[in-house]
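See below for start_37.tsv, which holds TSV, C-alpha atoms and all ligand atoms.
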chain	number	residue	atom	x	y	z
A	15	MET	CA	-14.68	-14.74	-24.96
A	16	VAL	CA	-12.78	-12.56	-22.54
A	17	LYS	CA	-14.54	-11.35	-19.46
A	18	LYS	CA	-13.29	-8.11	-18.02
A	19	ARG	CA	-12.75	-8.19	-14.31
A	20	LYS	CA	-13.06	-5.23	-12.01
A	21	GLU	CA	-10.46	-6.41	-9.56
A	22	LEU	CA	-7.24	-7.74	-10.92
A	23	VAL	CA	-5.85	-8.40	-7.49
A	24	PRO	CA	-8.17	-9.78	-4.85
A	25	MET	CA	-8.19	-7.50	-1.84
A	26	PRO	CA	-9.64	-8.14	1.59
A	27	LYS	CA	-12.66	-6.01	2.42
A	28	SER	CA	-11.46	-5.42	5.92
A	29	LYS	CA	-9.90	-2.10	6.71
A	30	PHE	CA	-8.38	-0.13	9.49
A	31	PHE	CA	-10.04	3.05	10.66
A	32	TYR	CA	-9.01	6.05	12.64
A	33	ILE	CA	-11.92	6.79	14.92
A	34	ARG	CA	-12.48	9.71	17.27
A	35	CYS	CA	-14.18	9.30	20.58
A	36	PRO	CA	-17.25	11.59	20.67
A	37	ASP	CA	-16.85	12.12	24.39
A	38	CYS	CA	-13.20	13.03	24.87
A	39	GLY	CA	-11.87	13.53	21.33
A	40	ASN	CA	-9.25	10.83	21.62
A	41	THR	CA	-8.23	9.36	18.24
A	42	GLN	CA	-7.33	5.71	17.98
A	43	ILE	CA	-7.06	2.96	15.39
A	44	THR	CA	-9.55	0.12	15.08
A	45	PHE	CA	-10.24	-2.73	12.68
A	46	SER	CA	-13.41	-2.69	10.55
A	47	HIS	CA	-14.14	-6.33	11.34
A	48	ALA	CA	-13.21	-6.23	14.99
A	49	SER	CA	-14.49	-9.27	16.86
A	50	THR	CA	-14.13	-7.76	20.29
A	51	TYR	CA	-15.55	-4.68	21.97
A	52	VAL	CA	-13.28	-1.69	21.55
A	53	HIS	CA	-13.31	0.97	24.22
A	54	CYS	CA	-11.77	4.41	24.21
A	55	PHE	CA	-8.29	4.28	25.71
A	56	VAL	CA	-8.83	7.53	27.57
A	57	CYS	CA	-12.39	7.58	28.92
A	58	GLY	CA	-13.49	3.98	28.39
A	59	ARG	CA	-16.53	4.74	26.19
A	60	LEU	CA	-17.64	1.84	24.00
A	61	LEU	CA	-16.62	2.66	20.42
A	62	VAL	CA	-16.87	-0.56	18.40
A	63	ARG	CA	-19.25	-3.50	18.78
A	64	PRO	CA	-18.76	-6.83	17.02
A	65	SER	CA	-21.71	-8.00	14.91
A	66	GLY	CA	-20.63	-11.25	13.32
A	67	GLY	CA	-19.09	-9.69	10.23
A	68	LYS	CA	-18.46	-6.00	9.96
A	69	ALA	CA	-18.20	-4.30	13.31
A	70	LYS	CA	-20.61	-1.53	14.31
A	71	ILE	CA	-18.62	1.62	14.83
A	72	ASP	CA	-20.16	3.95	17.38
A	73	ALA	CA	-17.67	6.78	16.97
A	74	LYS	CA	-16.71	9.38	14.41
A	75	LYS	CA	-14.61	7.92	11.62
A	76	VAL	CA	-11.66	10.19	10.90
A	77	SER	CA	-10.02	8.30	8.05
A	78	GLU	CA	-9.44	4.81	6.78
A	79	PHE	CA	-6.46	2.99	5.42
A	80	GLY	CA	-5.19	-0.51	4.75
B	101	ZN	ZN	-12.99	8.82	25.03

Rewrite the coordinates I just gave you, this time as structure tokens.
Amino acid sequence: MVKKRKELVPMPKSKFFYIRCPDCGNTQITFSHASTYVHCFVCGRLLVRPSGGKAKIDAKKVSEFG
């Protein structure tokens, strides 16, 4: 019996995001499973909080890749 598999190639679930700071509009790249606090490079607003696994993103997601 052949079982069909959805994923032929195992891919990591982690991704990179472009996020936009809601305060100053600065766009920067972050990791979906960031383990550190990520602040806006320009104004210093907290954008990403670590939460064990997937990070909590507190900014507008522009696009994702990776
Ligand atoms: Zn900012």

Could you list, with a cut-off of 8 Å and counting all atoms listed in the file, the residues of chain A near ligand ZN 101 (chain B), each shown with its nearest atom pair and the distance in Å rounded to one decimal, rows sorted by chain and ascending number, as CSV?
residue,atom,partner,partner_atom,distance
A:Arg34,CA,B:ZN101,ZN,7.8
A:Cys35,CA,B:ZN101,ZN,4.6
A:Pro36,CA,B:ZN101,ZN,6.7
A:Asp37,CA,B:ZN101,ZN,5.1
A:Cys38,CA,B:ZN101,ZN,4.2
A:Gly39,CA,B:ZN101,ZN,6.1
A:Asn40,CA,B:ZN101,ZN,5.4
A:His53,CA,B:ZN101,ZN,7.9
A:Cys54,CA,B:ZN101,ZN,4.6
A:Phe55,CA,B:ZN101,ZN,6.6
A:Val56,CA,B:ZN101,ZN,5.0
A:Cys57,CA,B:ZN101,ZN,4.1
A:Gly58,CA,B:ZN101,ZN,5.9
A:Arg59,CA,B:ZN101,ZN,5.5

Hey, can you check how far atom CA of A:Phe45 sits from atom CA of A:Lys27?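 Those two atoms sit 11.0 Å apart.
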
Report as JSON the centre and the edge lengths, in Å to one decimal, of the axis-aligned box holding every listed atom of stretch 26-30 of chain A, padded by 8 Å on each side.
{"center_x": -10.5, "center_y": -4.1, "center_z": 5.5, "size_x": 20.3, "size_y": 24.0, "size_z": 23.9}

Quick one: residues within 7 Å of A:Ser49, only C-alpha atoms counted, chain neighbours fewer than 2 positions away excluded, as a ChimeraX atom specification? /A:47,51,64

Could those selected residues go to a file with C-alpha atoms, as a JSON list (two decimals), keeping the file's coordinate frame?
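Listed below is the output, part.json:
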[["chain", "number", "residue", "atom", "x", "y", "z"],
["A", 47, "HIS", "CA", -14.14, -6.33, 11.34],
["A", 51, "TYR", "CA", -15.55, -4.68, 21.97],
["A", 64, "PRO", "CA", -18.76, -6.83, 17.02]]

So how many Å separate atom CA of A:Lys75 and atom CA of A:Leu22, to one decimal?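 Between these atoms lies a distance of 28.4 Å.
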
Quick one, how far is atom CA of A:Lys74 from atom CA of A:Tyr32? 8.6 Å

Hey, which of A:Val23, A:Val76, A:Lys29, A:Thr44 ends up closest to A:Val62? Count all atoms listed in the file. A:Thr44

Kindly add all heavy atoms to the incomplete stretch 22-33 of chain A and provide the output as a PDB file, keeping the file's coordinate frame.
ATOM      1  N   LEU A  22      -8.288  -6.868 -10.426  1.00  0.00           N
ATOM      2  CA  LEU A  22      -7.240  -7.740 -10.920  1.00  0.00           C
ATOM      3  C   LEU A  22      -6.590  -8.498  -9.763  1.00  0.00           C
ATOM      4  O   LEU A  22      -6.229  -9.656  -9.892  1.00  0.00           O
ATOM      5  CB  LEU A  22      -6.181  -6.935 -11.661  1.00  0.00           C
ATOM      6  CG  LEU A  22      -6.661  -6.326 -12.973  1.00  0.00           C
ATOM      7  CD1 LEU A  22      -5.591  -5.403 -13.535  1.00  0.00           C
ATOM      8  CD2 LEU A  22      -6.971  -7.412 -13.997  1.00  0.00           C
ATOM      9  N   VAL A  23      -6.455  -7.781  -8.661  1.00  0.00           N
ATOM     10  CA  VAL A  23      -5.850  -8.400  -7.490  1.00  0.00           C
ATOM     11  C   VAL A  23      -6.901  -8.485  -6.397  1.00  0.00           C
ATOM     12  O   VAL A  23      -7.505  -7.477  -6.044  1.00  0.00           O
ATOM     13  CB  VAL A  23      -4.662  -7.543  -6.985  1.00  0.00           C
ATOM     14  CG1 VAL A  23      -4.009  -8.197  -5.785  1.00  0.00           C
ATOM     15  CG2 VAL A  23      -3.667  -7.349  -8.112  1.00  0.00           C
ATOM     16  N   PRO A  24      -7.176  -9.671  -5.916  1.00  0.00           N
ATOM     17  CA  PRO A  24      -8.170  -9.780  -4.850  1.00  0.00           C
ATOM     18  C   PRO A  24      -7.696  -9.099  -3.578  1.00  0.00           C
ATOM     19  O   PRO A  24      -6.576  -9.304  -3.134  1.00  0.00           O
ATOM     20  CB  PRO A  24      -8.315 -11.288  -4.644  1.00  0.00           C
ATOM     21  CG  PRO A  24      -7.099 -11.881  -5.232  1.00  0.00           C
ATOM     22  CD  PRO A  24      -6.610 -10.948  -6.288  1.00  0.00           C
ATOM     23  N   MET A  25      -8.545  -8.241  -3.044  1.00  0.00           N
ATOM     24  CA  MET A  25      -8.190  -7.500  -1.840  1.00  0.00           C
ATOM     25  C   MET A  25      -9.185  -7.846  -0.729  1.00  0.00           C
ATOM     26  O   MET A  25     -10.372  -8.003  -0.996  1.00  0.00           O
ATOM     27  CB  MET A  25      -8.278  -6.002  -2.110  1.00  0.00           C
ATOM     28  CG  MET A  25      -7.324  -5.518  -3.178  1.00  0.00           C
ATOM     29  SD  MET A  25      -5.657  -5.339  -2.550  1.00  0.00           S
ATOM     30  CE  MET A  25      -5.812  -3.764  -1.717  1.00  0.00           C
ATOM     31  N   PRO A  26      -8.716  -7.929   0.478  1.00  0.00           N
ATOM     32  CA  PRO A  26      -9.640  -8.140   1.590  1.00  0.00           C
ATOM     33  C   PRO A  26     -10.512  -6.917   1.802  1.00  0.00           C
ATOM     34  O   PRO A  26     -10.076  -5.796   1.552  1.00  0.00           O
ATOM     35  CB  PRO A  26      -8.720  -8.383   2.784  1.00  0.00           C
ATOM     36  CG  PRO A  26      -7.435  -7.741   2.407  1.00  0.00           C
ATOM     37  CD  PRO A  26      -7.336  -7.821   0.917  1.00  0.00           C
ATOM     38  N   LYS A  27     -11.750  -7.141   2.221  1.00  0.00           N
ATOM     39  CA  LYS A  27     -12.660  -6.010   2.420  1.00  0.00           C
ATOM     40  C   LYS A  27     -12.455  -5.346   3.766  1.00  0.00           C
ATOM     41  O   LYS A  27     -13.001  -4.287   4.027  1.00  0.00           O
ATOM     42  CB  LYS A  27     -14.112  -6.493   2.296  1.00  0.00           C
ATOM     43  CG  LYS A  27     -14.524  -6.655   0.857  1.00  0.00           C
ATOM     44  CD  LYS A  27     -15.920  -7.227   0.760  1.00  0.00           C
ATOM     45  CE  LYS A  27     -16.278  -7.495  -0.698  1.00  0.00           C
ATOM     46  NZ  LYS A  27     -17.464  -8.342  -0.805  1.00  0.00           N
ATOM     47  N   SER A  28     -11.683  -5.991   4.593  1.00  0.00           N
ATOM     48  CA  SER A  28     -11.460  -5.420   5.920  1.00  0.00           C
ATOM     49  C   SER A  28     -10.499  -4.244   5.831  1.00  0.00           C
ATOM     50  O   SER A  28      -9.610  -4.201   4.991  1.00  0.00           O
ATOM     51  CB  SER A  28     -10.896  -6.494   6.839  1.00  0.00           C
ATOM     52  OG  SER A  28      -9.772  -7.097   6.249  1.00  0.00           O
ATOM     53  N   LYS A  29     -10.726  -3.306   6.709  1.00  0.00           N
ATOM     54  CA  LYS A  29      -9.900  -2.100   6.710  1.00  0.00           C
ATOM     55  C   LYS A  29      -9.604  -1.667   8.127  1.00  0.00           C
ATOM     56  O   LYS A  29     -10.264  -2.089   9.067  1.00  0.00           O
ATOM     57  CB  LYS A  29     -10.663  -0.952   6.017  1.00  0.00           C
ATOM     58  CG  LYS A  29     -10.591  -1.021   4.519  1.00  0.00           C
ATOM     59  CD  LYS A  29     -11.366   0.115   3.905  1.00  0.00           C
ATOM     60  CE  LYS A  29     -11.281   0.025   2.398  1.00  0.00           C
ATOM     61  NZ  LYS A  29     -12.186   0.959   1.750  1.00  0.00           N
ATOM     62  N   PHE A  30      -8.658  -0.753   8.207  1.00  0.00           N
ATOM     63  CA  PHE A  30      -8.380  -0.130   9.490  1.00  0.00           C
ATOM     64  C   PHE A  30      -8.916   1.292   9.471  1.00  0.00           C
ATOM     65  O   PHE A  30      -8.845   1.961   8.445  1.00  0.00           O
ATOM     66  CB  PHE A  30      -6.875  -0.113   9.776  1.00  0.00           C
ATOM     67  CG  PHE A  30      -6.346  -1.457  10.184  1.00  0.00           C
ATOM     68  CD1 PHE A  30      -5.806  -2.320   9.244  1.00  0.00           C
ATOM     69  CD2 PHE A  30      -6.402  -1.856  11.515  1.00  0.00           C
ATOM     70  CE1 PHE A  30      -5.326  -3.571   9.621  1.00  0.00           C
ATOM     71  CE2 PHE A  30      -5.922  -3.095  11.897  1.00  0.00           C
ATOM     72  CZ  PHE A  30      -5.388  -3.951  10.957  1.00  0.00           C
ATOM     73  N   PHE A  31      -9.481   1.705  10.570  1.00  0.00           N
ATOM     74  CA  PHE A  31     -10.040   3.050  10.660  1.00  0.00           C
ATOM     75  C   PHE A  31      -9.378   3.837  11.781  1.00  0.00           C
ATOM     76  O   PHE A  31      -9.024   3.278  12.802  1.00  0.00           O
ATOM     77  CB  PHE A  31     -11.541   2.987  11.003  1.00  0.00           C
ATOM     78  CG  PHE A  31     -12.385   2.357   9.947  1.00  0.00           C
ATOM     79  CD1 PHE A  31     -13.202   1.297  10.275  1.00  0.00           C
ATOM     80  CD2 PHE A  31     -12.393   2.842   8.657  1.00  0.00           C
ATOM     81  CE1 PHE A  31     -14.004   0.703   9.305  1.00  0.00           C
ATOM     82  CE2 PHE A  31     -13.188   2.263   7.699  1.00  0.00           C
ATOM     83  CZ  PHE A  31     -13.992   1.184   8.017  1.00  0.00           C
ATOM     84  N   TYR A  32      -9.277   5.119  11.540  1.00  0.00           N
ATOM     85  CA  TYR A  32      -9.010   6.050  12.640  1.00  0.00           C
ATOM     86  C   TYR A  32     -10.369   6.506  13.133  1.00  0.00           C
ATOM     87  O   TYR A  32     -11.172   7.003  12.350  1.00  0.00           O
ATOM     88  CB  TYR A  32      -8.238   7.271  12.148  1.00  0.00           C
ATOM     89  CG  TYR A  32      -6.740   7.120  12.173  1.00  0.00           C
ATOM     90  CD1 TYR A  32      -5.997   7.123  11.010  1.00  0.00           C
ATOM     91  CD2 TYR A  32      -6.073   7.003  13.395  1.00  0.00           C
ATOM     92  CE1 TYR A  32      -4.617   7.002  11.037  1.00  0.00           C
ATOM     93  CE2 TYR A  32      -4.689   6.876  13.432  1.00  0.00           C
ATOM     94  CZ  TYR A  32      -3.970   6.879  12.249  1.00  0.00           C
ATOM     95  OH  TYR A  32      -2.618   6.759  12.280  1.00  0.00           O
ATOM     96  N   ILE A  33     -10.648   6.325  14.377  1.00  0.00           N
ATOM     97  CA  ILE A  33     -11.920   6.790  14.920  1.00  0.00           C
ATOM     98  C   ILE A  33     -11.660   7.778  16.057  1.00  0.00           C
ATOM     99  O   ILE A  33     -10.635   7.701  16.731  1.00  0.00           O
ATOM    100  CB  ILE A  33     -12.800   5.626  15.427  1.00  0.00           C
ATOM    101  CG1 ILE A  33     -12.035   4.758  16.408  1.00  0.00           C
ATOM    102  CG2 ILE A  33     -13.343   4.832  14.263  1.00  0.00           C
ATOM    103  CD1 ILE A  33     -12.909   3.740  17.109  1.00  0.00           C
TER     104      ILE A  33
END
